[in-house]
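K.L.:
Below is one structure. I have some questions about it.
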Amino acid sequence: MEAYCMKCRTKREIQDPQPSFNAAGAPVTRGTCGVCGTALYRIGKMPAHEGLTPPEKNASRSGKLVIVESPAKARTVGRFLGKGYTVRASVGHVRDLLRSQLSVDVENDFAPKYRVPNEKKAVVKELKQLAKGAAEIYLATDPDREGEAIAWHLIEAATIEHKLAHRVVFHEITEGAINEAFFHPRAINMNLVNAQQARRVLDRLVGYSISPILWEKVRSRLSAGRVQSVALRLIVEREREIDAFVPVEYWSIGAELRPQGEKQTFITKLVKIDDKDPELGSEEIVKPILVDMEQADYVVTRVKRGERRRKPSAPFITSTLQQEASRKLGFTAKRTMGLAQGLYEGQDVGEGGTTGLITYMRTDSTNIAEAARSEARGYIAQRYGRDFLPEKPPEYTKKVAGAQEAHEAIRPTSVLRDPEKVKPFLEPAMFKLYRLIWQRFVASQMEAAVYDTLSVDVTGKRSGSVPSGGEAHIYTLRAAGSSVKFPGFLVVYEEAKDEDKKTEEEDEMNVRIPASIAEGQKQDLVRLIPEQHFTQPPPRFSEASLVQALEENGIGRPSTYAPILSTIQARGYVIRQDKRLFPTETGILVNDLMMQYFPEIVDLGFTARMEEDLDKIAEGRAKWVKVMQAFYTPFEAKVKIAQAEMPVIKTGPEPIGRACPDCGKELVIRYGRYGKFISCGGFPECRHTEPWLEKIGVSCLKDDGDIVERKTRKGRIFYGCANYPNCDFTSWKRPLPKPCPACQGMLVIANKREAQCLNCQESFLLEDVVPENA
């Protein structure tokens, strides 16, 4: 232990350190300098202070101090607590690891070195002053590991006496929940704190060990992270699957039939030839089958009527909320969590002040409080009728590994706050998210939907003679349809379909089959419908499907999904375009190096096991220092190997063949946080920069300049002329190289199926105006 010696004018080891307290009651250590004998004095709590009682302070304490994370939460909590309580916000974390160094003492049980950032010193000073005069101090931070860690850091940074500190936890900011929490305060749960510390230290060890190697060997400004690297790997591997994919041709044969004597037709699909699955690989195979089927007689051989029940989905957890908000509302994970935070912390909806509208939004449990379930059942019975209420409340089992049963699903704090009632008080995006959460929760407590199903098999075969050398084949065609018999939960909510998992069977279930259909009924063939298809490559990840993949592989936790997605995009490793995630050149390069030199870090199984270890620490089943030791020993060896063996592929900036307009030196390509940009080769003397513009192969109709892809400050992609500001052409929709067939104007991609002319507004099918190879 060291302290500054005034005589030696440097830090010296304290000889014979003695724990003590100063006049203000703060812990101090006293001793002497081992060189000159001067008395040394150091402020701060040390292990030797454990068990010592500080002197009683003369100042009398009064009042109750409550500390939360955000000002919005402080307003809502303060409203319910009323007089006698002072509520203040810490505005997030008040201590963190130093950015300028590793800040982890690897040799001393991985002890973290925390400091109060400059921007938080005023906050901590105010809290410390308030804590000195408070008789009771309540730490009401969020009910997860992050919140527990913030509460512990507040005690340490604001030197709050442990005997005065009370931890209170609530999952919704309502009067009842807050009163219940303050009636049952507890001590800080150090298991949760240590789990959060372990995650922070792990991420720091990985980032600060690997990133300098990448800077030295490859390019500056590259960085690597523990969990982000796994997410990046998934995206890069999917991109390579798409690049390597070779489409395979296949055909399907449909038949439009009409019951004899009827007007209504229906579509069937060929499913068997002579009781075998048809192998229709090319047009040459299909043509003779079509000729034979044209001559066949068709009769219904099987009619199966049934009933299918469709149960509602479980109420939201963090991952499913992010997925559904992405699919239904087009929100990024970051935006979803920001809006949900606002709904949780409280909004003024005309009830005399702010109130929390939803429960805590970082959760992996589908549990529902009994009071909330009872309220929902009463609401459903009153509004929709008893038929829509199941006899027993639905039970949803947790599917997420490590889900915490003490937590609740994301739900409205009261179903009586109908979305339409609160709509005038909420901004549009926040209202849409609240409505989504409300509908999902109410639907989850309702009766299942019931469908009438109908499946029909039609057999076709030639009745006359078979041409010489030919065979008589039997063709089985099938049609299936369903109709809603009882809507159940569907009157409130229907889950969005996963675009990546749509199948042809879904369309086949929507066939309208004549009500008079019966076994033995003869059918007239109206037409055969041969269709050519090609197998499709796997789709690129959207934010929704990536969160789903991370969750399925046990990567990350509710609090980390949105930061993971934000980080890989902020670092320029991935770009989001048309809701899909594309790896950049930088992202692919970093991933390949990580795969070669740090395979464990990007291994899905290894990362999932680390998450399990963190869960064990939170549950008190593992010691965080031992988990760190088990990880760091082999990791340190890998770092040394990479430092020695990773080749230096660092190259100088690439010239673009144009002079700097400011100083005349050559312009070059450099790489920054957000990817490529153009800079002067004379940097730092000349700081001229230009954006790197990706041409899309289309000429501007105004001045014949190149159309390039640009981004707004918020990262939204749009298209404009490279000659801006001399040319002001812009479009949110991607222009196409082919001109409009009607007026020769510019075509843009309007949606997945259509192109539209910016001049005459005429629409065309994309397949008619986009070349096949595109």
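Within each chain, counting starts at residue 1; across the structure tokens, chains are named A, B, ... in the order shown, with ligands numbered 1 upward in that order.
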Can you list, as an MDAnalysis selection string, every protein, DNA or RNA residue that comes within 12 Å of Ser482 in chain A when you count only C-alpha atoms, leaving out same-chain residues fewer than 3 positions away?
P.N.:
chainID A and resid 304:309 450:456 479 485:486 506:513 515
K.L.:
Can you pull out every residue from range 191-436 of chain A that DSSP, working from the backbone, puts in alpha helix (DSSP H), and format the result as a PyMOL selection string?
P.N.:
chain A and resi 191-217+226-244+283-294+318-324+333-345+370-384+419-422+428-436
K.L.:
My list of candidates is A:Cys660, A:Leu222, A:Glu408, A:Pro563. Which is closest to Gly338 in chain A when distances are computed with only C-alpha atoms?
P.N.:
A:Pro563
K.L.:
Excluding range 740-755 of chain A and its own-chain neighbours fewer than 2 positions away, which residues fall within 8 Å of it when counting only C-alpha atoms? Please give them as a PyMOL selection string.
P.N.:
chain A and resi 701+733-738+757-760+762-767+769
K.L.:
Put those residues in a file: C-alpha atoms, as a PDB file, in the first residue's frame.
P.N.:
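Saved to out_18.pdb:
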```pdb
ATOM      1  CA  LEU A 701     -30.807  12.349 -65.006  1.00  0.00           C
ATOM      2  CA  LYS A 733     -35.264   4.553 -52.695  1.00  0.00           C
ATOM      3  CA  ARG A 734     -32.481   2.869 -54.658  1.00  0.00           C
ATOM      4  CA  PRO A 735     -32.412   3.935 -58.341  1.00  0.00           C
ATOM      5  CA  LEU A 736     -32.202   1.290 -61.080  1.00  0.00           C
ATOM      6  CA  PRO A 737     -29.999   1.444 -64.200  1.00  0.00           C
ATOM      7  CA  LYS A 738     -32.877   0.656 -66.591  1.00  0.00           C
ATOM      8  CA  CYS A 757     -40.865   5.770 -62.010  1.00  0.00           C
ATOM      9  CA  LEU A 758     -40.018   9.051 -60.257  1.00  0.00           C
ATOM     10  CA  ASN A 759     -41.284  10.963 -63.308  1.00  0.00           C
ATOM     11  CA  CYS A 760     -44.610   9.395 -64.356  1.00  0.00           C
ATOM     12  CA  GLU A 762     -45.981   4.276 -63.179  1.00  0.00           C
ATOM     13  CA  SER A 763     -45.219   0.948 -61.420  1.00  0.00           C
ATOM     14  CA  PHE A 764     -43.600  -2.164 -62.940  1.00  0.00           C
ATOM     15  CA  LEU A 765     -42.777  -5.636 -61.658  1.00  0.00           C
ATOM     16  CA  LEU A 766     -39.128  -5.819 -60.592  1.00  0.00           C
ATOM     17  CA  GLU A 767     -38.620  -9.070 -62.499  1.00  0.00           C
ATOM     18  CA  VAL A 769     -37.047  -4.333 -65.252  1.00  0.00           C
TER      19      VAL A 769
END
```
K.L.:
What lies within 7 Å of Thr689 in chain A using only C-alpha atoms, ignoring chain neighbours under 6 positions off, as a list in words?
P.N.:
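Within the cut-off, the hits are Ile678, Ser679 and Cys680 of chain A.
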K.L.:
Please identify all polymer residues within 10 Å of Lys392 in chain A, counting only C-alpha atoms, omitting same-chain residues fewer than 4 positions from it, and present them as an MDAnalysis selection string.
P.N.:
chainID A and resid 445:447
K.L.:
Rank nothing, just name the residue among A:Ala39, A:Gly353, A:Lys64, A:Ser209 nearest to Lys640 in chain A, using only C-alpha atoms.
P.N.:
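Result for the nearest residue to Lys640 in chain A: A:Ser209.
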K.L.:
Nearest to Thr174 in chain A among A:Pro419, A:Gly84, A:Pro212, A:Pro412, with distances taken over only C-alpha atoms: which residue is it?
P.N.:
A:Pro412
K.L.:
What lies within 9 Å of range 470-478 of chain A using only C-alpha atoms, ignoring chain neighbours under 5 positions off, as a PyMOL selection string?
P.N.:
chain A and resi 254-255+267-275+292-293+296+298+455-462+465
K.L.:
Rounded to one decimal in Å, what is the spacing between CA of Arg621 in chain A and CA of Asn191 in chain A?
P.N.:
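Result for CA of Arg621 in chain A versus CA of Asn191 in chain A: 9.0 Å, one decimal.
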K.L.:
May I have all residues of range 595-693 of chain A that DSSP, computed from the backbone, assigns to strand (DSSP E or B), given as a VMD selection string?
P.N.:
chain A and resid 654 to 659 666 to 672 675 to 680 689 to 691
K.L.:
Nearest to Arg238 in chain A among A:Gly620, A:Ile380, A:Glu685, A:Leu546, with distances taken over only C-alpha atoms: which residue is it?
P.N.:
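Closest to Arg238 in chain A of all the choices is A:Leu546.
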K.L.:
Which is closer to Pro538 in chain A than all the others in A:Ile173, A:Ala244, A:Cys8, A:Cys33, using only C-alpha atoms?
P.N.:
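Result for the nearest residue to Pro538 in chain A: A:Ala244.
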K.L.:
Quick one: residues within 9 Å of Leu52 in chain A, only C-alpha atoms counted, chain neighbours fewer than 2 positions away excluded, as number ranges by chain?
P.N.:
A: 19-20, 48-50, 54
K.L.:
Considering only C-alpha atoms, can you say which of A:Gln536, A:Asp142, A:Asp615, A:Arg576 comes closest to Lys711 in chain A?
P.N.:
A:Arg576
K.L.:
Work out how far CA of Arg713 in chain A is from CA of Ile669 in chain A, in Å to one decimal.
P.N.:
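Computing the Euclidean distance for CA of Ile669 in chain A and CA of Arg713 in chain A yields 21.0 Å.
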K.L.:
Rounded to one decimal, what separation in Å do you get between CA of Lys11 in chain A and CA of Lys113 in chain A?
P.N.:
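These two atoms are separated by 17.6 Å.
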